[in-house]
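Pasted below: upload_24.txt, compact mmCIF, C-alpha atoms.
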# COMPACT_ATOMS: atom_id res chain seq x y z
CA MET F 1 5.21 -61.02 144.48
CA PRO F 2 5.58 -64.74 143.83
CA ALA F 3 4.16 -67.11 146.41
CA LEU F 4 6.51 -69.10 148.59
CA LEU F 5 6.61 -72.80 147.85
CA ALA F 6 7.36 -75.25 150.64
CA ALA F 7 8.54 -78.57 149.20
CA ALA F 8 6.77 -81.52 150.84
CA ASP F 9 8.86 -84.38 152.17
CA ASP F 10 8.04 -87.69 150.44
CA LYS F 11 7.95 -89.63 153.70
CA LYS F 12 5.82 -87.09 155.56
CA ASP F 13 3.40 -86.10 152.83
CA GLY F 14 3.29 -89.33 150.87
CA GLY F 15 4.72 -87.87 147.70
CA GLN F 16 1.98 -85.25 147.28
CA GLU F 17 2.42 -82.04 145.34
CA PRO F 18 4.33 -79.32 147.19
CA ARG F 19 1.94 -77.35 149.35
CA ARG F 20 1.52 -73.68 148.61
CA VAL F 21 2.24 -71.21 151.39
CA LYS F 22 0.89 -67.72 150.98
CA SER F 23 3.49 -65.00 151.46
CA ARG F 24 2.82 -61.98 153.61
CA THR F 25 2.99 -59.60 150.70
CA GLU F 26 0.82 -61.64 148.37
CA GLY F 27 -2.42 -59.84 147.93
CA GLY F 28 -1.33 -57.25 150.48
CA SER F 29 -0.64 -53.56 150.24
CA THR F 30 3.08 -53.76 149.32
CA ASP F 31 2.45 -54.36 145.62
CA LYS F 32 -0.01 -51.49 145.52
CA LYS F 33 2.52 -49.16 147.11
CA LEU F 34 5.21 -50.18 144.60
CA LYS F 35 2.82 -49.66 141.71
CA GLY F 36 2.16 -46.17 142.98
CA VAL F 37 5.82 -45.12 142.83
CA SER F 38 6.57 -43.14 139.69
CA ASP F 39 9.71 -43.43 137.62
CA GLN F 40 10.55 -39.88 138.61
CA GLY F 41 10.19 -40.79 142.27
CA LEU F 42 12.54 -43.76 141.87
CA ARG F 43 15.08 -41.63 140.06
CA ARG F 44 14.95 -39.03 142.82
CA PHE F 45 15.32 -41.77 145.47
CA LEU F 46 18.42 -43.20 143.79
CA LEU F 47 19.87 -39.74 143.30
CA VAL F 48 19.47 -38.84 146.98
CA MET F 49 20.88 -42.20 148.08
CA VAL F 50 23.97 -41.91 145.88
CA LYS F 51 24.60 -38.31 146.94
CA GLN F 52 24.38 -39.35 150.58
CA LEU F 53 26.85 -42.20 150.01
CA LEU F 54 29.26 -39.80 148.33
CA LYS F 55 28.94 -37.42 151.28
CA VAL F 56 29.67 -40.24 153.74
CA ALA F 57 32.66 -41.42 151.68
CA GLN F 58 34.08 -37.89 151.55
CA GLY F 59 33.64 -37.55 155.31
CA MET F 60 35.41 -40.86 155.88
CA ARG F 61 38.36 -39.70 153.78
CA GLU F 62 38.57 -36.48 155.78
CA LEU F 63 38.39 -38.44 159.04
CA GLY F 64 41.05 -40.86 157.84
CA GLY F 65 43.36 -37.97 157.01
CA CYS F 66 43.00 -36.72 160.60
CA LEU F 67 43.39 -40.08 162.36
CA PHE F 68 45.83 -42.13 160.32
CA ASP F 69 49.50 -41.71 159.45
CA THR F 70 50.18 -42.99 155.96
CA CYS F 71 53.38 -43.66 154.02
CA LEU F 72 54.00 -45.22 150.63
CA CYS F 73 56.90 -47.64 150.44
CA PRO F 74 58.42 -49.75 147.65
CA VAL F 75 56.69 -53.09 147.21
CA ASP F 76 60.05 -54.86 147.60
CA GLY F 77 61.27 -52.67 150.46
CA ALA F 78 62.40 -54.19 153.75
CA GLU F 79 59.41 -52.73 155.61
CA ALA F 80 56.81 -54.14 153.20
CA LEU F 81 58.46 -57.56 153.13
CA LYS F 82 58.78 -57.77 156.92
CA MET F 83 55.20 -56.63 157.47
CA ALA F 84 53.89 -59.21 154.98
CA GLU F 85 55.99 -61.88 156.65
CA GLN F 86 54.70 -61.04 160.13
CA THR F 87 51.10 -60.92 158.91
CA HIS F 88 51.55 -64.36 157.39
CA ASN F 89 53.08 -65.64 160.63
CA TYR F 90 50.09 -64.30 162.54
CA ALA F 91 47.65 -66.07 160.22
CA GLU F 92 49.54 -69.33 160.61
CA ALA F 93 49.60 -69.00 164.41
CA VAL F 94 45.86 -68.31 164.57
CA LYS F 95 45.18 -71.25 162.26
CA ARG F 96 47.28 -73.47 164.48
CA ASP F 97 45.83 -72.36 167.84
CA GLY F 98 42.21 -71.81 166.85
CA LYS F 99 39.61 -69.35 168.16
CA GLY F 100 40.99 -69.34 171.70
CA HIS F 101 44.40 -68.04 170.62
CA LEU F 102 46.22 -65.41 172.66
CA HIS F 103 48.05 -63.70 169.80
CA GLY F 104 46.03 -60.50 169.89
CA ALA F 105 45.16 -58.49 166.79
CA PRO F 106 47.08 -58.81 163.51
CA TYR F 107 48.14 -55.16 163.54
CA ILE F 108 50.54 -55.61 166.47
CA TRP F 109 52.34 -58.23 164.39
CA ALA F 110 52.32 -55.95 161.36
CA PHE F 111 53.83 -53.15 163.46
CA ALA F 112 56.58 -55.49 164.68
CA GLY F 113 57.34 -56.20 161.02
CA LEU F 114 57.48 -52.47 160.28
CA LEU F 115 59.99 -51.96 163.10
CA ALA F 116 62.07 -54.92 161.92
CA GLY F 117 62.24 -53.45 158.43
CA LEU F 118 63.23 -50.02 159.72
CA ARG F 119 65.89 -51.56 161.94
CA GLU F 120 67.56 -53.04 158.86
CA ARG F 121 68.14 -49.47 157.66
CA GLY F 122 70.59 -48.95 160.52
CA ASP F 123 71.88 -45.41 160.94
CA ALA F 124 70.54 -44.48 157.51
CA VAL F 125 67.42 -43.28 159.33
CA GLY F 126 69.53 -41.30 161.81
CA ALA F 127 71.34 -42.57 164.89
CA GLN F 128 68.74 -41.23 167.33
CA ASN F 129 65.85 -42.62 165.28
CA ALA F 130 67.58 -45.99 164.96
CA LYS F 131 67.97 -46.12 168.75
CA GLY F 132 64.27 -45.28 169.10
CA ILE F 133 63.35 -48.23 166.87
CA VAL F 134 65.45 -50.60 168.98
CA ASP F 135 63.83 -49.25 172.16
CA MET F 136 60.36 -49.88 170.72
CA MET F 137 61.25 -53.43 169.76
CA GLU F 138 62.59 -54.10 173.26
CA TRP F 139 59.39 -52.69 174.75
CA LEU F 140 57.28 -55.01 172.57
CA ASP F 141 59.36 -58.00 173.67
CA ALA F 142 58.90 -57.11 177.33
CA HIS F 143 55.12 -56.52 177.31
CA GLY F 144 52.05 -58.65 176.81
CA VAL F 145 49.37 -58.60 174.13
CA GLU F 146 47.00 -56.26 175.99
CA ASP F 147 49.69 -53.62 176.52
CA LYS F 148 50.71 -53.87 172.88
CA MET F 149 47.14 -53.43 171.66
CA GLU F 150 46.77 -50.40 173.92
CA MET F 151 49.91 -48.78 172.50
CA ILE F 152 49.38 -49.80 168.84
CA ARG F 153 45.88 -48.90 167.74
CA MET F 154 46.24 -49.89 164.11
CA CYS F 155 48.93 -50.85 161.61
CA ARG F 156 48.42 -52.42 158.21
CA LEU F 157 49.95 -52.89 154.79
CA ASP F 158 47.74 -52.42 151.72
CA LYS F 159 48.04 -52.47 147.97
CA THR F 160 47.88 -49.26 145.94
CA TYR F 161 46.96 -48.48 142.36
CA ASP F 162 50.69 -48.27 141.70
CA LYS F 163 51.83 -51.89 141.56
CA ASP F 164 55.36 -50.85 142.59
CA LYS F 165 54.23 -49.38 145.92
CA LYS F 166 52.48 -50.46 149.12
CA ARG F 167 50.62 -48.28 151.60
CA ILE F 168 51.57 -48.40 155.29
CA THR F 169 48.93 -47.02 157.65
CA PHE F 170 49.32 -46.82 161.41
CA VAL F 171 47.91 -45.20 164.54
CA LEU F 172 50.09 -45.07 167.68
CA ARG F 173 49.00 -43.88 171.09
CA ASP F 174 52.42 -42.58 172.16
CA GLU F 175 53.35 -39.36 170.35
CA ARG F 176 57.10 -40.02 170.69
CA TRP F 177 56.69 -43.40 169.03
CA ARG F 178 54.63 -41.79 166.29
CA GLN F 179 57.16 -39.07 165.56
CA THR F 180 60.04 -41.58 165.56
CA VAL F 181 58.31 -43.97 163.14
CA ILE F 182 57.30 -41.13 160.81
CA ALA F 183 60.85 -39.73 160.83
CA CYS F 184 62.31 -43.17 160.10
CA CYS F 185 59.89 -43.77 157.23
CA VAL F 186 60.75 -40.42 155.66
CA GLN F 187 64.49 -40.99 156.14
CA ALA F 188 64.07 -44.40 154.51
CA GLY F 189 62.79 -42.69 151.38
CA MET F 190 59.08 -43.32 151.83
CA GLU F 191 56.49 -40.82 150.66
CA ARG F 192 54.38 -39.51 153.51
CA LYS F 193 50.75 -38.79 152.69
CA GLN F 194 48.87 -36.11 154.62
CA GLY F 195 45.38 -34.67 154.45
CA LYS F 196 42.32 -36.05 152.73
CA ALA F 197 42.91 -38.93 150.34
CA PRO F 198 41.68 -38.63 146.74
CA ALA F 199 38.39 -40.19 145.75
CA SER F 200 38.49 -43.94 145.28
CA PHE F 201 37.49 -45.80 142.13
CA MET F 202 34.10 -46.61 143.66
CA GLU F 203 33.45 -42.96 144.48
CA ARG F 204 34.27 -41.93 140.94
CA GLU F 205 31.89 -44.61 139.66
CA LEU F 206 29.14 -43.17 141.84
CA GLN F 207 29.87 -39.64 140.67
CA GLU F 208 29.42 -40.82 137.10
CA TYR F 209 26.20 -42.50 138.18
CA VAL F 210 24.86 -39.18 139.49
CA VAL F 211 25.48 -37.65 136.07
CA GLN F 212 23.64 -40.54 134.41
CA LEU F 213 20.67 -40.17 136.76
CA LEU F 214 20.46 -36.47 136.00
CA GLU F 215 20.65 -37.09 132.25
CA HIS F 216 18.08 -39.89 132.07
CA GLN F 217 14.47 -38.82 132.33
CA THR F 218 12.94 -42.20 133.10
CA LEU F 219 13.70 -45.42 134.86
CA THR F 220 12.30 -48.71 133.70
CA GLY F 221 10.98 -51.70 135.55
CA LEU F 222 10.89 -53.27 138.96
CA HIS F 223 12.14 -56.87 139.01
CA VAL F 224 13.88 -58.42 142.00
CA GLY F 225 14.84 -54.95 143.19
CA LEU F 226 15.40 -51.83 141.12
CA MET F 227 16.31 -52.35 137.48
CA VAL F 228 17.31 -49.14 135.73
CA ASN F 229 18.08 -48.22 132.16
CA VAL F 230 21.62 -47.08 133.04
CA SER F 231 24.82 -48.98 133.65
CA LEU F 232 24.76 -51.51 136.50
CA ARG F 233 28.45 -51.08 137.39
CA PRO F 234 27.73 -48.05 139.59
CA LEU F 235 25.11 -50.08 141.44
CA GLN F 236 27.83 -52.58 142.31
CA ALA F 237 29.93 -49.66 143.51
CA ILE F 238 27.04 -48.58 145.76
CA LEU F 239 26.94 -51.98 147.44
CA LEU F 240 30.73 -52.14 147.86
CA LEU F 241 30.86 -48.61 149.24
CA CYS F 242 28.10 -49.46 151.74
CA LEU F 243 30.18 -52.38 152.97
CA SER F 244 33.34 -50.29 153.28
CA ALA F 245 31.78 -47.12 154.71
CA ALA F 246 32.14 -48.11 158.36
CA PRO F 247 35.28 -46.67 160.01
CA PRO F 248 37.96 -49.23 160.96
CA LEU F 249 38.15 -50.23 164.59
CA LEU F 250 41.11 -48.71 166.38

Representation of the structure as structure tokens:
Amino acid sequence: MPALLAAADDKKDGGQEPRRVKSRTEGGSTDKKLKGVSDQGLRRFLLVMVKQLLKVAQGMRELGGCLFDTCLCPVDGAEALKMAEQTHNYAEAVKRDGKGHLHGAPYIWAFAGLLAGLRERGDAVGAQNAKGIVDMMEWLDAHGVEDKMEMIRMCRLDKTYDKDKKRITFVLRDERWRQTVIACCVQAGMERKQGKAPASFMERELQEYVVQLLEHQTLTGLHVGLMVNVSLRPLQAILLLCLSAAPPLL
């Protein structure tokens, strides 16, 4: 391991050469332990790590299918446009009022945008459903941020691989609200998604990486981490999947 160099200040040290500070690992046992790890051991370590990440990702997709309601809507649909508008308004309000703002979480604004978009459908979503949307909007107007965050656990608008569609995901505490919003989305022509989502691009990259690890008999080199003789793109997928593996806060 390279030694750590502490640059000397000209005024304090009179322009002397930078003093050399010995690192903890220099001359210690860490290098010896790394030298004792075989290529086969490293390959097995990476294989186990990637398999575990794939297992976690699959579990997260199963959990998401149980917790979240998901619908696909047109990118230029009223719901997507209103949700994007409300999310932008939230960002502007937070920027204006700073850290001490009282606007709550962005998803309550996104949900208000979803309701506004559905309201524009009028009776096309059914007279009873349309009345339910109006009732929800009146409830939001009459209650404070804390009550809204208690009722609306999550609502967001995301991109999809299909550039012509957006994904609406929401979690509502009240079952009547949930059933009304789902019914309105379906009546509005949205595609409701149920069950476990398909594997993401990053998961597929990791699955390919498992195949590469099984095919390659050796790994080469240790230099600023693990350097392997296979493609580095799956390694980037590992890091991204680690960052995205935590479940969203409800």

In terms of the shortest atom-to-atom distance over only C-alpha atoms, which of F:Ala57, F:Ile168, F:Ala197, F:Leu46 is closest to Val181 of chain F?
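Nearest candidate to Val181 of chain F out of F:Ala57, F:Ile168, F:Ala197, F:Leu46: F:Ile168.
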
Restricting to all atoms listed in the file, whichever of F:Ala130, F:Leu140, F:Leu206, F:Met154 is closest to Thr180 of chain F is F:Ala130

Report, in Å to a single decimal, how far apart atom CA of Gly113 of chain F and atom CA of Tyr90 of chain F are.
11.0 Å

Between atom CA of Leu114 of chain F and atom CA of Glu191 of chain F - distance in Å to one decimal:
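So the answer is 15.1 Å.
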
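Shortest separation to Cys155 of chain F among F:Leu81, F:Ala127, F:Ala188, F:Cys71 occurs at residue F:Cys71, atoms counted being only C-alpha atoms.
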
Calculated over all atoms listed in the file, which of the candidates F:Leu102, F:Ala80, F:Leu42, F:Leu54 has the smallest distance to Val210 of chain F?
F:Leu54

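Using only C-alpha atoms, the nearest neighbour of His101 of chain F within the list F:Met151, F:Met190, F:Met202, F:Val145 is F:Val145.
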
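Among F:Ala91, F:Ile108, F:Val125, F:Leu118, the residue with the shortest atom-to-atom distance to Glu146 of chain F, counting all atoms listed in the file, is F:Ile108.
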
Is it possible to get the axis-aligned box enclosing segment 114-125 of chain F (all listed atoms, 6 Å extra per side) as JSON, with centre and edge lengths in Å rounded to one decimal?
{"center_x": 64.7, "center_y": -49.1, "center_z": 160.3, "size_x": 26.4, "size_y": 23.6, "size_z": 17.6}

Using Å and a single decimal, report how far atom CA of Arg121 of chain F sits from atom CA of Tyr161 of chain F.
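Pair atom CA of Tyr161 of chain F / atom CA of Arg121 of chain F returns 26.1 Å.
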
Test item: residues at most 12 Å from Ala84 of chain F, all atoms listed in the file, excluding those fewer than 6 positions along its chain, as a tab-separated table (two decimals) with C-alpha atoms, in the coordinates of the input:
chain	number	residue	atom	x	y	z
F	75	VAL	CA	56.69	-53.09	147.21
F	76	ASP	CA	60.05	-54.86	147.60
F	77	GLY	CA	61.27	-52.67	150.46
F	78	ALA	CA	62.40	-54.19	153.75
F	90	TYR	CA	50.09	-64.30	162.54
F	91	ALA	CA	47.65	-66.07	160.22
F	106	PRO	CA	47.08	-58.81	163.51
F	107	TYR	CA	48.14	-55.16	163.54
F	109	TRP	CA	52.34	-58.23	164.39
F	110	ALA	CA	52.32	-55.95	161.36
F	111	PHE	CA	53.83	-53.15	163.46
F	112	ALA	CA	56.58	-55.49	164.68
F	113	GLY	CA	57.34	-56.20	161.02
F	114	LEU	CA	57.48	-52.47	160.28
F	116	ALA	CA	62.07	-54.92	161.92
F	117	GLY	CA	62.24	-53.45	158.43
F	155	CYS	CA	48.93	-50.85	161.61
F	156	ARG	CA	48.42	-52.42	158.21
F	157	LEU	CA	49.95	-52.89	154.79
F	158	ASP	CA	47.74	-52.42	151.72
F	159	LYS	CA	48.04	-52.47	147.97
F	166	LYS	CA	52.48	-50.46	149.12
F	167	ARG	CA	50.62	-48.28	151.60
F	168	ILE	CA	51.57	-48.40	155.29

Give me segment 185-200 of chain F from this structure - N, CA, C and O atoms, as a compact mmCIF listing (two decimals), in the first residue's frame.
# COMPACT_ATOMS: atom_id res chain seq x y z
N CYS F 185 -58.03 5.20 -12.85
CA CYS F 185 -56.88 5.02 -13.75
C CYS F 185 -57.20 4.03 -14.85
O CYS F 185 -56.88 4.25 -16.04
N VAL F 186 -57.86 2.94 -14.48
CA VAL F 186 -58.23 1.92 -15.48
C VAL F 186 -59.25 2.48 -16.45
O VAL F 186 -59.15 2.28 -17.68
N GLN F 187 -60.26 3.20 -15.94
CA GLN F 187 -61.27 3.80 -16.80
C GLN F 187 -60.67 4.85 -17.73
O GLN F 187 -61.17 5.08 -18.84
N ALA F 188 -59.59 5.48 -17.28
CA ALA F 188 -58.92 6.49 -18.10
C ALA F 188 -58.04 5.87 -19.18
O ALA F 188 -57.42 6.60 -19.97
N GLY F 189 -57.98 4.55 -19.21
CA GLY F 189 -57.22 3.87 -20.25
C GLY F 189 -55.80 3.51 -19.86
O GLY F 189 -55.02 3.05 -20.71
N MET F 190 -55.47 3.66 -18.59
CA MET F 190 -54.12 3.29 -18.15
C MET F 190 -54.00 1.77 -18.04
O MET F 190 -54.98 1.05 -17.89
N GLU F 191 -52.76 1.31 -18.09
CA GLU F 191 -52.47 -0.12 -17.95
C GLU F 191 -52.02 -0.39 -16.52
O GLU F 191 -50.99 0.11 -16.08
N ARG F 192 -52.82 -1.16 -15.81
CA ARG F 192 -52.46 -1.48 -14.42
C ARG F 192 -51.49 -2.65 -14.39
O ARG F 192 -51.70 -3.67 -15.06
N LYS F 193 -50.43 -2.49 -13.60
CA LYS F 193 -49.42 -3.53 -13.46
C LYS F 193 -49.56 -4.19 -12.10
O LYS F 193 -49.63 -3.51 -11.07
N GLN F 194 -49.60 -5.51 -12.08
CA GLN F 194 -49.73 -6.26 -10.84
C GLN F 194 -48.68 -7.35 -10.77
O GLN F 194 -48.19 -7.84 -11.79
N GLY F 195 -48.34 -7.74 -9.53
CA GLY F 195 -47.36 -8.79 -9.35
C GLY F 195 -45.93 -8.28 -9.42
O GLY F 195 -45.66 -7.08 -9.44
N LYS F 196 -45.01 -9.21 -9.47
CA LYS F 196 -43.58 -8.89 -9.47
C LYS F 196 -43.16 -8.27 -10.79
O LYS F 196 -43.49 -8.78 -11.86
N ALA F 197 -42.44 -7.17 -10.70
CA ALA F 197 -41.95 -6.50 -11.91
C ALA F 197 -40.85 -7.32 -12.56
O ALA F 197 -40.16 -8.10 -11.89
N PRO F 198 -40.64 -7.17 -13.86
CA PRO F 198 -39.54 -7.88 -14.52
C PRO F 198 -38.19 -7.36 -14.06
O PRO F 198 -38.09 -6.27 -13.48
N ALA F 199 -37.17 -8.13 -14.31
CA ALA F 199 -35.82 -7.75 -13.90
C ALA F 199 -35.40 -6.47 -14.61
O ALA F 199 -35.69 -6.26 -15.79
N SER F 200 -34.71 -5.62 -13.87
CA SER F 200 -34.24 -4.35 -14.43
C SER F 200 -33.01 -4.57 -15.29
O SER F 200 -32.44 -5.67 -15.34
